[in-house]
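Written out below as structure tokens is the structure these notes cover.
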Amino acid sequence: MANAYTNNEVWQVCLNRIKEQTPQNEFAKWFEPIHPISFDGTNLRLMVPNASYVTHIQENYMKIFAQAIMQMYGRQTRLLYSVPSSEDKTTVSENADMTSISRHVAQTDTSNIMNPFAIPGVRRLRIDPQLNSKYTFSTHVEGECNRLARSAGMTVALSPGSNPFNPLYIYGGSGLGKTHIVQAIGHEVRERHPELQVLYVSTNKFQAQFQTAYKNGEINDFIRFYQMVDVLIIDDIQELTGKAGTQNAFFNIFNHLQLAGKQIILTSDKPPVELKDIEQRLLTRFKWGLSAQIDIPDYPTKLKIIRSKAEGMGVNLNEEVVTYLADNISANIREIEGALLSLKANAQYLNRRISTSLAKDVLKAYVHVSQKEISVNRITEIVCEYFDIDPKDFNSQKRTREVAQARQVAMYLAKQHTKLPLASIGSAIGGRNHATVLHSCKSVSNIMETDKTFKAQIEEIEKLIAKG
């Protein structure tokens with residue numbers, strides 16, 4: 001078993017197994033200071049600080065210690081201890097051979113670039129899921145913009161692999177919360193199904209691991225490891241674009257997991273149909289389950305996000321500041337977090353009171369603050385200018401297709417970007433009623449789902465609104 005995993009990596013796995021079965025203080029005192037020196041396939045040589053470590057372990061933890069070593073290093077392992085002498089040399093005491101146990105490995109780290117494979121002969125693995133403790137459903141703000149993805153995610157967490165949403169493909173723009181939802185699914189699965197192995201990995205990390213495996217001639221081990229995962233979460237799958245070798249490896253992993261009834265969860269910045277330079281056989285499989293879009297949060301949801309993020313960061317905001325932030329910052333969650341962190345730093349280190357004035361100063365550095373208040377009139381001006389509609393025609397009873405659609409777009413954008421009730425929006429746009437505004441918003445949403453050009457136009461207008 002003389003390979004790259006026989007020293008520090010495999011020894012770390014042994015320690016992790018022992019740690020699970022020993023008190024924390026005992027583990028820190030008696031096991032953490034032990035370091036592997038060498039392993040030749042039979043003799044495992046360990047460095048211990050002094051002979052008392054050997055005595056204490058043999059008298060109190062030999063069964064646990066021996067079991068972990070045999071599981072990792074094999075049935076004929078002979079354990080040797082090396083103790084530093086005062087002359088900085090080593091003296092060696094030998095321990096008897098240990099009875100064999102079927103070998104298996106506990107994988108604990110995928111955070112570095114080294115490929116996180118199990119070594120040959122693996123039976124069962126334990127892996128660090130690589131989940132951020134902050135990204136749970138309890139800290140996630142639900143809104144119309146993400147309700148489908150969140151609801152589908154909860155369904156997946158209840159019965160991973162045994163639901164219609166496999167794969168679950170969640171897509172949307174950067175900073176809208178895709179990673180939060182998929183990691184929340186991972187946490188929920190671990191809570192409800194602790195026996196299942198969950199792993200979150202970005203596509204870039206997956207690609208780096210593949211390249212290392214290819215370089216070392218370990219592609220089969222790489223694929224084998226991922227085929228052992230019960231719930232595999234791959235973030236930013238669009239990064240597979242143009243990487244034929246990695247796509248082929250992922251195809252084999254995907255097929256195996258599907259046939260084995262395992263759950264696959266993917267995120268992307270675009271729907272499967274818009275992915276480029278990815279093999280058709282993969283694109284077809286991406287469409288097998290559910291594709292759920294996360295949209296830009298509407299104004300009420302944005303308010304909830306700001307309040308939730310502020311509470312999580314320990315930032316005390318009054319409603320005036322919350323409203324100012326919502327009016328002048330985009331719905332990109334990373335921008336919201338950045339602005340809140342800056343507010344907190346100013347209050348904490350410069351002893352400044354968190355006020356609208358401070359928020360205004362902060363946003364100048366972090367985001368583009370609107371020069372004009374986002375109002376229905378401002379939205380109307382931008383829509384008329386964009387579609388080259390005469391404002392007089394826009395506010396008249398004229399019902400040509402162009403004018404009617406411009407009014408619908410303005411109503412939709414007013415609902416997204418102002419706090420006004422639907423009746424007030426209708427009153428400001430041609431004296432329409434609540435029902436007309438609701439119908440217009442639904443019509444625009446439906447067209448955006450089927451017409452990519454129209455959707456792009458709406459997104460361009462929203463950028464103009466954000467710029468003021």
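Ligands are numbered from 1 in the order shown, chains are lettered A, B, ... in the order of the structure tokens, and residues start at 1 in each chain.
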
For the interface of stretch 311-362 of chain A with stretch 175-180 of chain A (cut-off 12 Å, counting only C-alpha atoms), please tabulate each contacting residue of stretch 311-362 of chain A alongside its nearest pair of atoms and their separation in Å to one decimal, rows sorted by chain and increasing number, as CSV.
residue,atom,partner,partner_atom,distance
A:Ser330,CA,A:Gly175,CA,10.3
A:Ala331,CA,A:Leu176,CA,7.5
A:Asn332,CA,A:Gly175,CA,5.0
A:Ile333,CA,A:Gly175,CA,5.3
A:Arg334,CA,A:Gly175,CA,5.6
A:Glu335,CA,A:Gly175,CA,8.1
A:Ile336,CA,A:Gly175,CA,9.7
A:Glu337,CA,A:Gly175,CA,10.3
A:Gly338,CA,A:Gly175,CA,11.7

Enumerate as a PyMOL selection string all residues of stretch 125-347 of chain A assigned to alpha helix (DSSP H) by DSSP on the backbone, naming them with the chain letters and numbers the document uses. chain A and resi 147-158+178-192+203-216+219-227+244-259+280-286+299-313+319-328+333-347

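Running DSSP on the backbone gives strand (DSSP E) for these residues within stretch 253-329 of chain A: A:Gln263, A:Ile264, A:Ile265, A:Leu266, A:Thr267, A:Ser268, A:Leu290, A:Ser291, A:Ala292, A:Gln293.
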
Same residues, N, CA and C atoms, output as a PDB file, in the first residue's frame:
ATOM      1  N   GLN A 263     -28.974  11.120  -5.080  1.00  0.00           N
ATOM      2  CA  GLN A 263     -29.491  12.436  -5.445  1.00  0.00           C
ATOM      3  C   GLN A 263     -28.393  13.327  -6.006  1.00  0.00           C
ATOM      4  N   ILE A 264     -28.701  14.035  -7.099  1.00  0.00           N
ATOM      5  CA  ILE A 264     -27.785  14.982  -7.714  1.00  0.00           C
ATOM      6  C   ILE A 264     -28.440  16.354  -7.698  1.00  0.00           C
ATOM      7  N   ILE A 265     -27.689  17.360  -7.259  1.00  0.00           N
ATOM      8  CA  ILE A 265     -28.170  18.737  -7.203  1.00  0.00           C
ATOM      9  C   ILE A 265     -27.145  19.621  -7.911  1.00  0.00           C
ATOM     10  N   LEU A 266     -27.603  20.423  -8.855  1.00  0.00           N
ATOM     11  CA  LEU A 266     -26.708  21.252  -9.658  1.00  0.00           C
ATOM     12  C   LEU A 266     -27.157  22.703  -9.602  1.00  0.00           C
ATOM     13  N   THR A 267     -26.186  23.625  -9.693  1.00  0.00           N
ATOM     14  CA  THR A 267     -26.539  25.035  -9.875  1.00  0.00           C
ATOM     15  C   THR A 267     -25.835  25.566 -11.118  1.00  0.00           C
ATOM     16  N   SER A 268     -26.411  26.609 -11.685  1.00  0.00           N
ATOM     17  CA  SER A 268     -25.843  27.216 -12.887  1.00  0.00           C
ATOM     18  C   SER A 268     -26.339  28.658 -12.983  1.00  0.00           C
ATOM     19  N   LEU A 290     -35.930  18.511 -12.396  1.00  0.00           N
ATOM     20  CA  LEU A 290     -36.596  19.814 -12.365  1.00  0.00           C
ATOM     21  C   LEU A 290     -35.571  20.918 -12.522  1.00  0.00           C
ATOM     22  N   SER A 291     -35.859  21.875 -13.397  1.00  0.00           N
ATOM     23  CA  SER A 291     -35.053  23.090 -13.520  1.00  0.00           C
ATOM     24  C   SER A 291     -35.831  24.218 -12.865  1.00  0.00           C
ATOM     25  N   ALA A 292     -35.282  24.763 -11.785  1.00  0.00           N
ATOM     26  CA  ALA A 292     -35.973  25.808 -11.022  1.00  0.00           C
ATOM     27  C   ALA A 292     -35.162  27.089 -11.061  1.00  0.00           C
ATOM     28  N   GLN A 293     -35.797  28.171 -11.459  1.00  0.00           N
ATOM     29  CA  GLN A 293     -35.105  29.454 -11.581  1.00  0.00           C
ATOM     30  C   GLN A 293     -35.239  30.274 -10.306  1.00  0.00           C
TER      31      GLN A 293
END

Give me, as a VMD selection string, all polymer residues having an atom no more than 12 Å from A:Val54, counting only C-alpha atoms and skipping those fewer than 6 positions away in the same chain. chain A and resid 30 to 31 33 to 34 46 to 48 60 to 62 65 79 to 83 92 to 95

Hey, can you spit out that residue selection with N, CA, C and O atoms as a compact mmCIF listing (two decimals), in the first residue's frame?
# COMPACT_ATOMS: atom_id res chain seq x y z
N TRP A 30 -3.27 12.75 24.08
CA TRP A 30 -2.54 11.51 23.83
C TRP A 30 -2.40 11.13 22.37
O TRP A 30 -1.51 10.36 22.01
N PHE A 31 -3.28 11.63 21.49
CA PHE A 31 -3.23 11.19 20.10
C PHE A 31 -2.75 12.26 19.12
O PHE A 31 -2.03 11.95 18.16
N PRO A 33 -0.44 14.50 19.35
CA PRO A 33 1.01 14.66 19.21
C PRO A 33 1.71 13.55 18.45
O PRO A 33 2.90 13.65 18.15
N ILE A 34 1.00 12.46 18.11
CA ILE A 34 1.63 11.34 17.40
C ILE A 34 1.72 11.65 15.91
O ILE A 34 0.76 12.14 15.31
N LEU A 46 5.65 5.10 14.10
CA LEU A 46 5.05 6.31 14.63
C LEU A 46 5.99 6.99 15.60
O LEU A 46 6.64 6.34 16.42
N MET A 47 6.02 8.32 15.54
CA MET A 47 6.80 9.11 16.50
C MET A 47 5.89 9.56 17.62
O MET A 47 4.85 10.18 17.39
N VAL A 48 6.28 9.22 18.87
CA VAL A 48 5.54 9.66 20.04
C VAL A 48 6.45 10.52 20.91
O VAL A 48 7.68 10.33 20.91
N ASN A 60 -5.27 1.93 27.89
CA ASN A 60 -6.61 2.53 27.89
C ASN A 60 -7.32 2.55 26.53
O ASN A 60 -8.55 2.52 26.48
N TYR A 61 -6.56 2.62 25.43
CA TYR A 61 -7.19 2.81 24.13
C TYR A 61 -6.68 1.86 23.05
O TYR A 61 -6.88 2.12 21.87
N MET A 62 -6.05 0.76 23.45
CA MET A 62 -5.42 -0.08 22.43
C MET A 62 -6.42 -0.67 21.45
O MET A 62 -6.15 -0.79 20.26
N PHE A 65 -7.38 2.12 19.06
CA PHE A 65 -6.20 2.49 18.30
C PHE A 65 -5.86 1.43 17.26
O PHE A 65 -5.64 1.72 16.08
N LEU A 79 3.15 -2.50 14.34
CA LEU A 79 3.25 -1.15 14.84
C LEU A 79 4.55 -0.93 15.59
O LEU A 79 4.91 -1.68 16.50
N LEU A 80 5.30 0.11 15.19
CA LEU A 80 6.57 0.46 15.83
C LEU A 80 6.50 1.89 16.34
O LEU A 80 6.01 2.77 15.64
N TYR A 81 6.97 2.09 17.58
CA TYR A 81 7.00 3.42 18.15
C TYR A 81 8.42 3.95 18.18
O TYR A 81 9.35 3.23 18.55
N SER A 82 8.58 5.22 17.83
CA SER A 82 9.87 5.88 17.94
C SER A 82 9.75 7.00 18.96
O SER A 82 8.84 7.82 18.89
N VAL A 83 10.69 6.99 19.96
CA VAL A 83 10.66 7.98 21.03
C VAL A 83 11.96 8.78 20.97
O VAL A 83 13.05 8.21 21.03
N VAL A 92 13.52 2.66 19.63
CA VAL A 92 12.33 2.05 19.06
C VAL A 92 11.85 0.92 19.95
O VAL A 92 12.65 0.08 20.38
N SER A 93 10.57 0.90 20.24
CA SER A 93 9.97 -0.25 20.92
C SER A 93 8.92 -0.84 20.00
O SER A 93 8.17 -0.11 19.35
N GLU A 94 8.84 -2.14 19.95
CA GLU A 94 7.98 -2.80 18.96
C GLU A 94 6.75 -3.37 19.61
O GLU A 94 6.82 -3.95 20.70
N ASN A 95 5.62 -3.23 18.96
CA ASN A 95 4.38 -3.79 19.43
C ASN A 95 4.00 -5.00 18.58
O ASN A 95 4.39 -5.10 17.41

Can you pull out the residues contacting A:Ala249? Cut-off 12 Å, using only C-alpha atoms, and skip same-chain residues under 2 positions away; I want them as a PyMOL selection string. chain A and resi 206-207+209-211+213-214+218-227+240+243-247+251-256+279+282

Write out as number ranges by chain each polymer residue whose atoms come within 12 Å of A:Lys452, counting only C-alpha atoms; drop sequence neighbours fewer than 6 positions from it. A: 270-271, 273-274, 445-446, 458-459

Here is a test: counting only C-alpha atoms, which residue of A:Met72, A:Cys145, A:Val189, A:Ile465 is nearest to A:Lys302? A:Cys145

Residues near A:Trp288, cut-off 10 Å, only C-alpha atoms, skip fewer than 5 positions along chain, as number ranges by chain: A: 164-169, 283

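Closest approach to A:Tyr299 among A:Lys398, A:Lys364, A:Arg45, A:Lys415: A:Lys415, based on only C-alpha atoms.
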
Just give me the gap between atom CA of A:Glu26 and atom CA of A:Met70 in Å, one decimal is fine. 21.2 Å

Polymer residues at most 7 Å from stretch 146-154 of chain A, only C-alpha atoms, same-chain spacing of 5 or more positions, as a ChimeraX atom specification: /A:170,181,185,292-295

Prev. selection, N, CA and C atoms, output as an mmCIF file, in the first residue's frame:
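The resulting file, part.cif, is reproduced below:
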data_model
loop_
_atom_site.group_PDB
_atom_site.id
_atom_site.type_symbol
_atom_site.label_atom_id
_atom_site.label_comp_id
_atom_site.auth_asym_id
_atom_site.auth_seq_id
_atom_site.Cartn_x
_atom_site.Cartn_y
_atom_site.Cartn_z
ATOM 1 N N ILE A 170 -30.860 24.139 -10.268
ATOM 2 C CA ILE A 170 -31.267 25.481 -9.855
ATOM 3 C C ILE A 170 -30.404 26.507 -10.580
ATOM 4 N N ILE A 181 -29.327 27.942 -1.066
ATOM 5 C CA ILE A 181 -30.391 26.940 -1.106
ATOM 6 C C ILE A 181 -29.826 25.528 -1.203
ATOM 7 N N ILE A 185 -30.136 22.466 1.511
ATOM 8 C CA ILE A 185 -30.623 21.112 1.238
ATOM 9 C C ILE A 185 -29.672 20.094 1.851
ATOM 10 N N ALA A 292 -35.282 24.763 -11.785
ATOM 11 C CA ALA A 292 -35.973 25.808 -11.022
ATOM 12 C C ALA A 292 -35.162 27.089 -11.061
ATOM 13 N N GLN A 293 -35.797 28.171 -11.459
ATOM 14 C CA GLN A 293 -35.105 29.454 -11.581
ATOM 15 C C GLN A 293 -35.239 30.274 -10.306
ATOM 16 N N ILE A 294 -34.151 30.962 -9.947
ATOM 17 C CA ILE A 294 -34.193 31.962 -8.881
ATOM 18 C C ILE A 294 -34.127 33.337 -9.543
ATOM 19 N N ASP A 295 -35.130 34.160 -9.307
ATOM 20 C CA ASP A 295 -35.213 35.482 -9.920
ATOM 21 C C ASP A 295 -34.668 36.552 -8.974
#

Two-atom distance - atom CA of A:Thr241, atom CA of A:Ile296 (Å): 24.9 Å

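One distance worth recording is that between atom CA of A:Lys276 and atom CA of A:Tyr171, which is 14.8 Å.
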
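Checking A:Leu232, A:Ala423, A:Cys384, A:Val444 one by one against A:Gln408, counting only C-alpha atoms, you find the shortest gap at A:Val444.
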